[in-house]
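Engineer: Below is the file start_2.pdb, with PDB, C-alpha atoms and all ligand atoms.
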MODEL        1
ATOM      1  CA  MET A 108      -6.308 -46.825 -18.463  1.00  0.00           C
ATOM      2  CA  ALA A 109      -6.978 -44.759 -21.504  1.00  0.00           C
ATOM      3  CA  SER A 110      -3.956 -42.995 -22.808  1.00  0.00           C
ATOM      4  CA  THR A 111      -4.034 -39.239 -22.829  1.00  0.00           C
ATOM      5  CA  GLN A 112      -3.942 -37.796 -26.304  1.00  0.00           C
ATOM      6  CA  HIS A 113      -2.196 -34.558 -26.882  1.00  0.00           C
ATOM      7  CA  GLY A 114      -3.138 -32.045 -29.496  1.00  0.00           C
ATOM      8  CA  LYS A 115      -6.281 -30.269 -30.455  1.00  0.00           C
ATOM      9  CA  PRO A 116      -9.598 -31.996 -30.484  1.00  0.00           C
ATOM     10  CA  LYS A 117     -10.795 -33.071 -33.861  1.00  0.00           C
ATOM     11  CA  ARG A 118     -13.035 -30.659 -35.647  1.00  0.00           C
ATOM     12  CA  PRO A 119     -15.080 -30.930 -38.780  1.00  0.00           C
ATOM     13  CA  ALA A 120     -13.303 -29.883 -41.959  1.00  0.00           C
ATOM     14  CA  GLU A 121     -15.648 -26.957 -42.367  1.00  0.00           C
ATOM     15  CA  PRO A 122     -14.267 -23.796 -40.812  1.00  0.00           C
ATOM     16  CA  SER A 123     -16.495 -21.798 -38.573  1.00  0.00           C
ATOM     17  CA  ASN A 124     -18.647 -19.881 -40.977  1.00  0.00           C
ATOM     18  CA  ALA A 125     -18.712 -16.224 -40.069  1.00  0.00           C
ATOM     19  CA  HIS A 126     -20.703 -15.531 -43.211  1.00  0.00           C
ATOM     20  CA  ALA A 127     -23.441 -17.948 -42.376  1.00  0.00           C
ATOM     21  CA  GLY A 128     -26.622 -16.874 -44.028  1.00  0.00           C
ATOM     22  CA  ASN A 129     -24.970 -14.444 -46.390  1.00  0.00           C
ATOM     23  CA  PRO A 130     -25.337 -15.286 -50.058  1.00  0.00           C
ATOM     24  CA  TRP A 131     -22.226 -15.848 -52.075  1.00  0.00           C
ATOM     25  CA  ILE A 132     -21.014 -16.550 -55.577  1.00  0.00           C
ATOM     26  CA  GLY A 133     -17.910 -18.180 -56.929  1.00  0.00           C
ATOM     27  CA  VAL A 134     -15.688 -16.108 -59.174  1.00  0.00           C
ATOM     28  CA  ARG A 135     -12.707 -17.404 -61.035  1.00  0.00           C
ATOM     29  CA  PHE A 136     -10.130 -14.837 -62.064  1.00  0.00           C
ATOM     30  CA  THR A 137      -8.276 -16.246 -64.999  1.00  0.00           C
ATOM     31  CA  CYS A 138      -5.397 -13.763 -64.800  1.00  0.00           C
ATOM     32  CA  ALA A 139      -4.689 -14.735 -61.217  1.00  0.00           C
ATOM     33  CA  ARG A 140      -5.765 -18.318 -61.717  1.00  0.00           C
ATOM     34  CA  ALA A 141      -7.592 -17.935 -58.474  1.00  0.00           C
ATOM     35  CA  TYR A 142     -11.023 -18.940 -57.390  1.00  0.00           C
ATOM     36  CA  VAL A 143     -12.631 -16.550 -54.980  1.00  0.00           C
ATOM     37  CA  ARG A 144     -15.809 -16.918 -53.037  1.00  0.00           C
ATOM     38  CA  VAL A 145     -17.524 -13.578 -52.847  1.00  0.00           C
ATOM     39  CA  TYR A 146     -20.016 -12.827 -50.137  1.00  0.00           C
ATOM     40  CA  ARG A 147     -22.662 -10.188 -50.271  1.00  0.00           C
ATOM     41  CA  LYS A 148     -24.139  -8.376 -47.354  1.00  0.00           C
ATOM     42  CA  PRO A 149     -27.905  -8.655 -47.197  1.00  0.00           C
ATOM     43  CA  GLU A 150     -28.252  -4.936 -47.824  1.00  0.00           C
ATOM     44  CA  ALA A 151     -25.862  -4.873 -50.786  1.00  0.00           C
ATOM     45  CA  PRO A 152     -27.484  -5.013 -54.228  1.00  0.00           C
ATOM     46  CA  VAL A 153     -24.476  -6.495 -55.959  1.00  0.00           C
ATOM     47  CA  TYR A 154     -21.546  -8.756 -55.341  1.00  0.00           C
ATOM     48  CA  LEU A 155     -18.192  -7.033 -55.435  1.00  0.00           C
ATOM     49  CA  ALA A 156     -15.333  -9.262 -56.447  1.00  0.00           C
ATOM     50  CA  ARG A 157     -11.727  -8.166 -56.567  1.00  0.00           C
ATOM     51  CA  CYS A 158      -8.997  -9.859 -58.510  1.00  0.00           C
ATOM     52  CA  PRO A 159      -6.258 -10.900 -56.077  1.00  0.00           C
ATOM     53  CA  LYS A 160      -3.589 -10.299 -58.708  1.00  0.00           C
ATOM     54  CA  CYS A 161      -4.358  -7.152 -60.644  1.00  0.00           C
ATOM     55  CA  GLY A 162      -6.872  -5.663 -58.247  1.00  0.00           C
ATOM     56  CA  GLN A 163      -9.587  -5.155 -60.792  1.00  0.00           C
ATOM     57  CA  CYS A 164     -13.023  -4.956 -59.275  1.00  0.00           C
ATOM     58  CA  VAL A 165     -15.944  -6.647 -60.894  1.00  0.00           C
ATOM     59  CA  ARG A 166     -19.524  -6.227 -59.878  1.00  0.00           C
ATOM     60  CA  PHE A 167     -22.125  -8.898 -60.296  1.00  0.00           C
ATOM     61  CA  ARG A 168     -25.771  -8.184 -60.108  1.00  0.00           C
ATOM     62  CA  VAL A 169     -27.541 -11.284 -58.973  1.00  0.00           C
ATOM     63  CA  GLY A 170     -31.184 -11.892 -58.408  1.00  0.00           C
ATOM     64  CA  ALA A 171     -33.993  -9.730 -59.675  1.00  0.00           C
ATOM     65  CA  GLY A 172     -32.861  -8.048 -62.873  1.00  0.00           C
ATOM     66  CA  GLY A 173     -29.645 -10.008 -62.849  1.00  0.00           C
ATOM     67  CA  THR A 174     -28.444 -13.497 -63.368  1.00  0.00           C
ATOM     68  CA  SER A 175     -29.210 -16.472 -61.219  1.00  0.00           C
ATOM     69  CA  ALA A 176     -25.841 -18.026 -61.903  1.00  0.00           C
ATOM     70  CA  ARG A 177     -23.650 -18.760 -58.936  1.00  0.00           C
ATOM     71  CA  PHE A 178     -20.336 -19.117 -60.716  1.00  0.00           C
ATOM     72  CA  PHE A 179     -18.537 -16.694 -62.966  1.00  0.00           C
ATOM     73  CA  GLU A 180     -15.279 -16.457 -64.785  1.00  0.00           C
ATOM     74  CA  VAL A 181     -13.472 -13.165 -65.235  1.00  0.00           C
ATOM     75  CA  SER A 182     -10.580 -12.521 -67.545  1.00  0.00           C
ATOM     76  CA  CYS A 183      -8.853  -9.331 -66.556  1.00  0.00           C
TER
HETATM   77 ZN    ZN B   1      -6.845  -9.760 -62.689  1.00  0.00          ZN
ENDMDL
END
Translate the structure of the given file into structure tokens.

Structural biologist:
Amino acid sequence: MASTQHGKPKRPAEPSNAHAGNPWIGVRFTCARAYVRVYRKPEAPVYLARCPKCGQCVRFRVGAGGTSARFFEVSC
């Protein structure tokens, strides 16, 4: 007989993506030494990133009229 295994069933490493389809950029805040993935709502013209340490908000305009870069570094 097969032994019964306790515990949760195995899942892929990827968490369920609630932001599926939303564009995102990667922002590294040097003062917090933190890397943050910033999502943008489809209707929002810019990405709004917030430093987890000092709380400074940085806006990134991406796409038409902006940069096509996906990763940024902020020193605040
Ligand atoms: Zn900061």

Engineer: Please expand the PyMOL selection byres (((chain A and resi 178) around 10) and not hetatm) into the concrete residues it hits in this file, giving the result as a list of chain:residue names.

Structural biologist: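 This file gives the following for the PyMOL selection byres (((chain A and resi 178) around 10) and not hetatm): A:Trp131, A:Ile132, A:Gly133, A:Val134, A:Arg135, A:Tyr142, A:Val143, A:Arg144, A:Ser175, A:Ala176, A:Arg177, A:Phe179, A:Glu180.
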
Engineer: Produce as a PDB file with C-alpha atoms, in the frame of the given file the set of residues near ligand ZN 1 (chain B), where near means within 6 Å with all atoms listed in the file considered.

Structural biologist:
ATOM      1  CA  CYS A 138      -5.397 -13.763 -64.800  1.00  0.00           C
ATOM      2  CA  ALA A 139      -4.689 -14.735 -61.217  1.00  0.00           C
ATOM      3  CA  CYS A 158      -8.997  -9.859 -58.510  1.00  0.00           C
ATOM      4  CA  LYS A 160      -3.589 -10.299 -58.708  1.00  0.00           C
ATOM      5  CA  CYS A 161      -4.358  -7.152 -60.644  1.00  0.00           C
ATOM      6  CA  GLN A 163      -9.587  -5.155 -60.792  1.00  0.00           C
ATOM      7  CA  CYS A 183      -8.853  -9.331 -66.556  1.00  0.00           C
TER       8      CYS A 183
END

Engineer: Quick one, how far is atom CA of Asn129 of chain A from atom CA of Phe167 of chain A?

Structural biologist: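 Between atom CA of Asn129 of chain A and atom CA of Phe167 of chain A the gap is 15.2 Å.
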
Engineer: With distances taken over only C-alpha atoms, which of A:Arg147, A:Arg166, A:Val153, A:Val181 is nearest to Gly128 of chain A?

Structural biologist: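 Closest to Gly128 of chain A, using only C-alpha atoms: A:Arg147.
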
Engineer: Grab the atom CA of Lys148 of chain A to atom CA of Ser182 of chain A distance for me, in Å with one decimal place.

Structural biologist: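 One can read the atom CA of Lys148 of chain A to atom CA of Ser182 of chain A distance as 24.7 Å.
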